[in-house]
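Q: See input.txt below, with compact mmCIF, C-alpha atoms and all ligand atoms.
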# COMPACT_ATOMS: atom_id res chain seq x y z
CA MET A 490 25.60 18.45 -15.54
CA ASP A 491 23.20 21.29 -14.89
CA TRP A 492 24.30 23.84 -12.25
CA GLY A 493 21.29 23.17 -10.02
CA MET A 494 21.82 19.42 -10.12
CA GLN A 495 25.52 19.84 -9.30
CA ASN A 496 24.77 22.25 -6.49
CA ARG A 497 22.20 19.96 -4.92
CA LEU A 498 24.44 16.89 -5.18
CA SER A 499 27.29 18.78 -3.55
CA ARG A 500 25.05 19.64 -0.60
CA LEU A 501 24.72 15.88 -0.09
CA ILE A 502 28.02 14.37 -1.17
CA GLN A 503 30.86 16.02 0.69
CA SER A 504 34.21 17.17 -0.76
CA ASP A 505 35.80 13.78 0.07
CA GLY A 506 33.22 12.13 -2.22
CA HIS A 507 31.50 10.47 0.75
CA CYS A 508 28.21 11.00 2.56
CA PHE A 509 26.27 10.00 5.66
CA PHE A 510 22.49 10.35 5.28
CA LEU A 511 20.24 9.67 8.24
CA PRO A 512 16.90 8.13 7.18
CA ILE A 513 13.94 8.81 9.45
CA ASP A 514 11.28 7.97 6.87
CA HIS A 515 10.27 4.59 8.32
CA GLY A 516 6.94 5.86 9.64
CA TYR A 517 5.59 6.29 6.10
CA PHE A 518 4.60 2.61 6.15
CA GLN A 519 5.51 1.42 9.68
CA GLY A 520 3.79 4.12 11.73
CA PRO A 521 5.51 5.16 14.97
CA THR A 522 8.60 2.95 14.68
CA ARG A 523 10.45 2.29 17.96
CA LYS A 524 12.53 5.34 19.00
CA LEU A 525 11.03 7.36 16.15
CA GLU A 526 7.78 8.13 17.96
CA LYS A 527 8.97 11.75 18.23
CA PRO A 528 11.38 12.09 15.32
CA GLY A 529 12.36 15.69 16.11
CA GLU A 530 13.55 14.75 19.59
CA THR A 531 15.32 11.57 18.47
CA ILE A 532 17.40 13.26 15.82
CA LYS A 533 18.23 16.52 17.61
CA PRO A 534 21.58 15.33 19.04
CA LEU A 535 22.45 13.50 15.79
CA ILE A 536 21.97 16.34 13.32
CA PRO A 537 25.48 17.83 13.71
CA TYR A 538 27.05 14.55 12.59
CA VAL A 539 25.04 13.73 9.45
CA ASP A 540 25.17 15.18 5.94
CA ALA A 541 21.43 14.94 5.20
CA LEU A 542 18.10 13.61 6.47
CA PHE A 543 15.85 11.28 4.45
CA VAL A 544 12.33 12.17 5.50
CA THR A 545 8.74 12.60 4.33
CA ARG A 546 7.15 16.02 3.95
CA GLY A 547 4.87 15.44 6.95
CA VAL A 548 7.68 14.84 9.41
CA LEU A 549 9.80 17.52 7.78
CA ARG A 550 7.10 20.14 8.27
CA SER A 551 6.06 19.10 11.75
CA CYS A 552 9.36 18.09 13.38
CA ILE A 553 12.33 19.76 11.64
CA ASN A 554 13.25 23.40 12.15
CA PRO A 555 13.58 25.03 8.69
CA ARG A 556 16.18 27.48 10.04
CA THR A 557 18.60 24.84 11.27
CA SER A 558 17.80 21.86 9.06
CA PRO A 559 20.57 19.92 7.36
CA PRO A 560 20.06 19.20 3.62
CA ILE A 561 16.94 17.15 2.96
CA ILE A 562 16.28 14.12 0.76
CA LEU A 563 12.52 13.99 0.51
CA ARG A 564 10.85 10.55 0.49
CA ILE A 565 8.18 10.93 -2.17
CA SER A 566 6.90 7.36 -2.62
CA GLY A 567 4.39 5.59 -0.42
CA GLY A 568 0.74 4.69 -0.16
CA THR A 569 1.18 1.31 1.59
CA SER A 570 1.32 0.13 5.20
CA ILE A 571 2.93 -2.70 7.13
CA ILE A 572 -0.53 -4.25 7.69
CA GLY A 573 -1.72 -3.75 4.11
CA LYS A 574 -1.77 -6.29 1.30
CA ASP A 575 1.46 -5.57 -0.49
CA LEU A 576 4.28 -3.19 0.47
CA SER A 577 5.41 -3.01 -3.14
CA HIS A 578 2.23 -1.26 -4.31
CA GLU A 579 3.65 2.25 -3.89
CA GLY A 580 2.91 5.37 -5.87
CA ILE A 581 4.28 8.92 -5.90
CA ILE A 582 2.76 10.78 -2.95
CA THR A 583 4.28 14.25 -3.29
CA SER A 584 4.08 16.70 -6.19
CA ILE A 585 7.01 18.39 -7.86
CA GLN A 586 5.62 21.78 -6.70
CA GLU A 587 5.89 20.56 -3.11
CA VAL A 588 9.43 19.29 -3.71
CA LEU A 589 10.42 22.75 -4.99
CA ARG A 590 8.55 24.57 -2.23
CA LEU A 591 10.45 22.58 0.40
CA SER A 592 13.80 23.48 -1.17
CA VAL A 593 15.13 19.96 -0.85
CA ALA A 594 18.51 18.70 -2.03
CA ALA A 595 17.10 15.50 -3.58
CA VAL A 596 14.12 13.19 -3.63
CA GLY A 597 14.02 9.46 -2.91
CA MET A 598 11.63 6.68 -3.86
CA SER A 599 11.53 2.89 -3.57
CA ILE A 600 11.64 0.38 -6.38
CA PHE A 601 10.49 -3.22 -5.85
CA VAL A 602 12.29 -5.38 -8.37
CA GLY A 603 10.84 -8.89 -8.65
CA SER A 604 7.61 -7.97 -6.86
CA GLU A 605 4.08 -7.92 -8.21
CA TYR A 606 4.34 -4.15 -8.65
CA GLU A 607 7.83 -4.08 -10.12
CA HIS A 608 6.57 -2.53 -13.36
CA ASP A 609 4.66 0.28 -11.63
CA SER A 610 7.54 1.19 -9.33
CA LEU A 611 10.03 1.24 -12.22
CA LEU A 612 7.77 3.38 -14.40
CA ASN A 613 7.30 5.71 -11.46
CA LEU A 614 11.07 6.02 -11.17
CA GLY A 615 11.43 6.84 -14.86
CA LYS A 616 8.69 9.49 -14.68
CA LEU A 617 10.13 10.98 -11.52
CA VAL A 618 13.59 11.25 -13.06
CA ASP A 619 12.08 12.97 -16.12
CA GLU A 620 10.25 15.48 -13.96
CA CYS A 621 13.15 16.10 -11.59
CA GLU A 622 15.65 16.57 -14.44
CA ASN A 623 13.56 19.59 -15.51
CA TYR A 624 14.39 21.28 -12.21
CA GLY A 625 17.90 19.96 -11.49
CA ILE A 626 16.78 17.70 -8.65
CA PRO A 627 18.70 14.46 -8.02
CA VAL A 628 16.76 11.25 -7.47
CA MET A 629 17.87 8.57 -5.01
CA ALA A 630 16.37 5.15 -5.81
CA VAL A 631 15.81 2.91 -2.80
CA THR A 632 16.14 -0.79 -3.67
CA ALA A 633 13.44 -2.03 -1.31
CA VAL A 634 13.00 -5.66 -0.29
CA GLY A 635 9.72 -5.22 1.61
CA LYS A 636 9.38 -7.95 4.26
CA GLU A 637 11.68 -10.34 2.38
CA LEU A 638 14.98 -9.45 4.03
CA GLU A 639 16.56 -12.70 2.80
CA LYS A 640 16.59 -11.20 -0.71
CA ARG A 641 19.72 -9.27 0.27
CA ASP A 642 22.39 -10.95 -1.85
CA ALA A 643 24.77 -9.59 -4.45
CA ARG A 644 22.94 -11.04 -7.44
CA TYR A 645 19.56 -9.56 -6.52
CA LEU A 646 20.85 -6.23 -5.19
CA GLY A 647 23.20 -5.89 -8.16
CA LEU A 648 20.22 -6.33 -10.48
CA CYS A 649 18.14 -3.73 -8.61
CA CYS A 650 20.94 -1.15 -8.44
CA ARG A 651 21.78 -1.49 -12.12
CA ILE A 652 18.15 -1.12 -13.15
CA ALA A 653 17.76 1.97 -10.94
CA ALA A 654 20.84 3.53 -12.54
CA GLU A 655 19.69 2.62 -16.07
CA LEU A 656 16.38 4.38 -15.40
CA GLY A 657 18.24 7.54 -14.44
CA ALA A 658 18.62 7.61 -10.65
CA GLN A 659 21.61 9.75 -9.66
CA VAL A 660 22.24 7.80 -6.43
CA VAL A 661 21.14 4.31 -5.42
CA LYS A 662 20.51 3.10 -1.90
CA THR A 663 20.87 -0.59 -1.26
CA TYR A 664 21.80 -3.03 1.48
CA TRP A 665 25.27 -4.28 2.24
CA CYS A 666 25.76 -7.97 1.38
CA GLU A 667 28.54 -10.52 0.92
CA ASN A 668 30.55 -9.80 -2.26
CA PHE A 669 29.34 -6.21 -2.17
CA GLU A 670 31.92 -5.26 -4.83
CA LYS A 671 29.71 -7.04 -7.38
CA VAL A 672 26.84 -4.69 -6.54
CA VAL A 673 28.98 -1.55 -6.76
CA ASN A 674 30.93 -2.62 -9.85
CA GLY A 675 27.73 -3.21 -11.82
CA CYS A 676 26.23 0.14 -10.91
CA PRO A 677 27.41 3.20 -12.85
CA VAL A 678 26.16 5.72 -10.26
CA PRO A 679 27.13 6.16 -6.58
CA VAL A 680 25.81 3.59 -4.11
CA VAL A 681 24.93 4.23 -0.46
CA MET A 682 24.21 1.53 2.11
CA ALA A 683 21.22 1.14 4.40
CA GLY A 684 21.52 -0.70 7.66
CA GLY A 685 18.34 -2.75 7.85
CA PRO A 686 16.93 -3.90 11.21
CA LYS A 687 19.11 -3.20 14.25
CA CYS A 688 22.14 -5.52 14.48
CA GLU A 689 23.01 -7.47 17.67
CA THR A 690 26.25 -5.56 18.24
CA GLU A 691 27.68 -2.25 17.10
CA ARG A 692 30.82 -4.06 15.94
CA GLU A 693 28.74 -5.87 13.30
CA VAL A 694 27.60 -2.50 12.00
CA PHE A 695 31.14 -1.12 11.88
CA GLU A 696 32.29 -4.26 10.07
CA PHE A 697 29.76 -4.15 7.26
CA VAL A 698 30.04 -0.40 6.86
CA TYR A 699 33.84 -0.65 6.65
CA ASP A 700 33.64 -3.52 4.16
CA GLY A 701 31.11 -1.69 1.99
CA MET A 702 33.19 1.49 1.95
CA GLN A 703 36.32 -0.47 1.01
CA LYS A 704 34.36 -2.06 -1.83
CA GLY A 705 33.22 1.22 -3.32
CA ALA A 706 30.11 2.52 -1.56
CA ILE A 707 30.23 6.30 -1.18
CA GLY A 708 28.51 6.27 2.17
CA LEU A 709 25.46 5.53 4.21
CA ASN A 710 21.74 6.03 4.41
CA LEU A 711 21.55 4.22 7.72
CA GLY A 712 18.91 4.73 10.38
CA ARG A 713 17.82 2.08 12.87
CA ASN A 714 21.35 1.03 13.76
CA VAL A 715 21.91 4.61 14.86
CA TRP A 716 18.70 5.92 16.40
CA GLN A 717 17.48 2.61 17.89
CA HIS A 718 20.86 2.11 19.57
CA GLU A 719 21.22 2.78 23.29
CA HIS A 720 24.03 5.23 22.49
CA PRO A 721 22.98 6.91 19.25
CA VAL A 722 25.45 9.80 19.44
CA ALA A 723 28.39 7.45 20.02
CA MET A 724 27.17 5.35 17.07
CA VAL A 725 26.79 8.25 14.68
CA LYS A 726 30.19 9.68 15.61
CA ALA A 727 31.94 6.31 15.26
CA LEU A 728 30.29 5.56 11.92
CA ARG A 729 31.18 9.02 10.67
CA THR A 730 34.87 8.26 11.17
CA ILE A 731 34.59 5.21 8.89
CA VAL A 732 32.73 7.21 6.23
CA HIS A 733 34.69 10.45 6.33
CA GLU A 734 38.02 9.68 8.03
CA ASN A 735 38.81 6.25 6.62
CA ALA A 736 38.83 4.80 10.16
CA SER A 737 39.21 1.05 10.62
CA VAL A 738 36.68 -1.14 12.45
CA GLU A 739 39.01 -1.16 15.47
CA GLU A 740 39.31 2.63 15.51
CA ALA A 741 35.56 3.12 15.18
CA ASN A 742 34.91 0.57 17.88
CA ASP A 743 37.44 2.21 20.24
CA LEU A 744 35.84 5.59 19.66
CA PHE A 745 32.39 4.13 20.29
CA ARG A 746 33.59 2.58 23.58
CA SER A 747 35.21 5.75 24.82
CA LEU A 748 32.13 7.87 23.96
CA SER A 749 29.56 5.44 25.32
CA GLY A 750 31.54 4.49 28.42
CA GLU A 751 31.06 0.78 27.64
C1 LIG C 1 12.86 2.57 4.92
C2 LIG C 1 13.96 3.13 4.12
C3 LIG C 1 15.12 3.56 4.89
O1 LIG C 1 15.51 4.82 4.45
C4 LIG C 1 16.25 2.58 4.73
O2 LIG C 1 15.80 1.27 4.92
C5 LIG C 1 17.41 2.88 5.64
O3 LIG C 1 17.11 2.73 6.98
P1 LIG C 1 17.66 1.54 7.89
O4 LIG C 1 19.16 1.75 8.01
O5 LIG C 1 16.96 1.70 9.19
O6 LIG C 1 17.35 0.25 7.17
O7 LIG C 1 13.91 3.27 2.93
O8 LIG C 1 11.71 2.91 4.36
The structure given in the file should be rewritten as structure tokens.

A:
Amino acid sequence: MDWGMQNRLSRLIQSDGHCFFLPIDHGYFQGPTRKLEKPGETIKPLIPYVDALFVTRGVLRSCINPRTSPPIILRISGGTSIIGKDLSHEGIITSIQEVLRLSVAAVGMSIFVGSEYEHDSLLNLGKLVDECENYGIPVMAVTAVGKELEKRDARYLGLCCRIAAELGAQVVKTYWCENFEKVVNGCPVPVVMAGGPKCETEREVFEFVYDGMQKGAIGLNLGRNVWQHEHPVAMVKALRTIVHENASVEEANDLFRSLSGE
């Protein structure tokens, strides 16, 4: 592997082989998502506990201090909105010059397998990988489900992850699901888990994160279940122990309770 590619990946994936990315990119199609109205303020207390931020160039430039920023995964796909016709109709919205100028550790884009625009999103991924390989920049493919959250099962997510890896993504982001080992075992590159909409209880989050890690995920790209929580710092610290310290659900839950005072 090229030196630059290795160096960038090691900024993201820590020496234990695990990682905790904090996505704050939701506004690129959802607008001012709840608790992310002022992203810079929301994430300030969380930054010390995450390994990277997943963010668009607009929020990066306007809300993140370049002197103290953690490593960045730049969201470079978009062009749709929650009120538009079809969330899957994304294109590449950021040039490679901009990616280099912003000195990011990786880029990320969504693929929409099974949607009307499947073909376009997969070709975009292939082209992006080609371009990024020239500069040693890793690509994280996001297996997006749009509004169809019920699509999150092992057969579908396994298909998406494998296709993303076949097209050259260095890391794949997907959702946790039952039989998650099937998703990971069919994907030859590292898999990170998103959280999806906020869960009812924090214990549910600890349970799926623990299960996914046991089944081979290398970590998280998990946002709303952290920053939409009433106690985001307690959440991020507790989740970090599962990702980086092999903590059990019970241990993470105990830590959460002691930090949040619940
Ligand atoms: C949304 C994304 C997010 O990065 C991803 O869904 C993870 O965030 P969450 O844990 O809130 O689902 O791609 O555009």

Q: Name the closest residue to ligand LIG 1 (chain C) among the candidates A:Val694, A:Val631, A:Val539, A:Val596; distances are taken between atoms, counting only C-alpha atoms and all ligand atoms.

A: A:Val631

Q: Ligand LIG 1 (chain C): which residues are within 7 Å, counting all atoms listed in the file, as a count of residues only?

A: 17

Q: Counting only C-alpha atoms, what is within 9 Å of A:Ala654, bar same-chain residues fewer than 4 positions away, as a list in words?

A: Ala630, Cys649, Cys650, Ala658, Gln659, Val660, Val661, Cys676, Pro677 and Val678 of chain A

Q: For the selection just defined, write its residues with C-alpha atoms to a file, as a PDB file, keeping the file's coordinate frame.

A:
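Result went into again.pdb, see below:
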ATOM      1  CA  ALA A 630      16.370   5.150  -5.810  1.00  0.00           C
ATOM      2  CA  CYS A 649      18.140  -3.730  -8.610  1.00  0.00           C
ATOM      3  CA  CYS A 650      20.940  -1.150  -8.440  1.00  0.00           C
ATOM      4  CA  ALA A 658      18.620   7.610 -10.650  1.00  0.00           C
ATOM      5  CA  GLN A 659      21.610   9.750  -9.660  1.00  0.00           C
ATOM      6  CA  VAL A 660      22.240   7.800  -6.430  1.00  0.00           C
ATOM      7  CA  VAL A 661      21.140   4.310  -5.420  1.00  0.00           C
ATOM      8  CA  CYS A 676      26.230   0.140 -10.910  1.00  0.00           C
ATOM      9  CA  PRO A 677      27.410   3.200 -12.850  1.00  0.00           C
ATOM     10  CA  VAL A 678      26.160   5.720 -10.260  1.00  0.00           C
TER      11      VAL A 678
END

Q: Quote the spacing between atom CA of A:Gly701 and atom CA of A:Ala741 in Å to one decimal place.

A: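 Taking atom CA of A:Gly701 and atom CA of A:Ala741, their separation equals 14.7 Å.
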
Q: Of the residues A:Met629, A:Leu748, A:Ile572, A:Leu646, which is the one nearest to A:Phe510, using only C-alpha atoms?

A: A:Met629

Q: What lies within 12 Å of A:Thr557 using only C-alpha atoms, ignoring chain neighbours under 3 positions off, as a ChimeraX atom specification?

A: /A:533,536-537,541,549,552-554,560-561

Q: Quick one: everything within 8 Å of A:Ser570, counting only C-alpha atoms, minus sequence neighbours fewer than 5 positions away in the same chain. Send it as number ranges by chain.

A: A: 517-519, 576

Q: Atom CA of A:Asn623 and atom CA of A:Pro555, how far apart in Å?

A: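 Separation between atom CA of A:Pro555 and atom CA of A:Asn623: 24.8 Å.
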
Q: Which one of A:Thr663, A:Ile565, A:Ala723, A:Val593 sits closest to A:Gly750 if you count all atoms listed in the file?

A: A:Ala723

Q: Atom CA of A:Val732 and atom CA of A:Asp700, how far apart in Å?

A: 11.0 Å

Q: List the neighbours of A:Gly567 out to 7 Å using only C-alpha atoms; skip same-chain residues closer than 4 positions along the sequence, and give me the result as a ChimeraX atom specification.

A: /A:517,579-582

Q: Which one of A:Pro679, A:Gly603, A:Gly708, A:Pro559 sits closest to A:Arg500 if you count all atoms listed in the file?

A: A:Pro559

Q: I need the residue nearest A:Leu589 from this list: A:Glu620, A:Asp642, A:Glu689, A:Asp505. Use only C-alpha atoms for the distance.

A: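 Closest to A:Leu589, using only C-alpha atoms: A:Glu620.
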
Q: From the list A:Glu587, A:Glu751, A:Glu655, A:Glu693, which residue is nearest A:Leu728 when using only C-alpha atoms?

A: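 Result for the nearest residue to A:Leu728: A:Glu693.
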
Q: Can you tell me, as a list in words, what residues are no more than 7 Å from A:Ile731 when counting only C-alpha atoms, ignoring any on the same chain fewer than 5 positions away?

A: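 So the residues in contact are Tyr699, Ala736, Ser737 and Ala741 of chain A.
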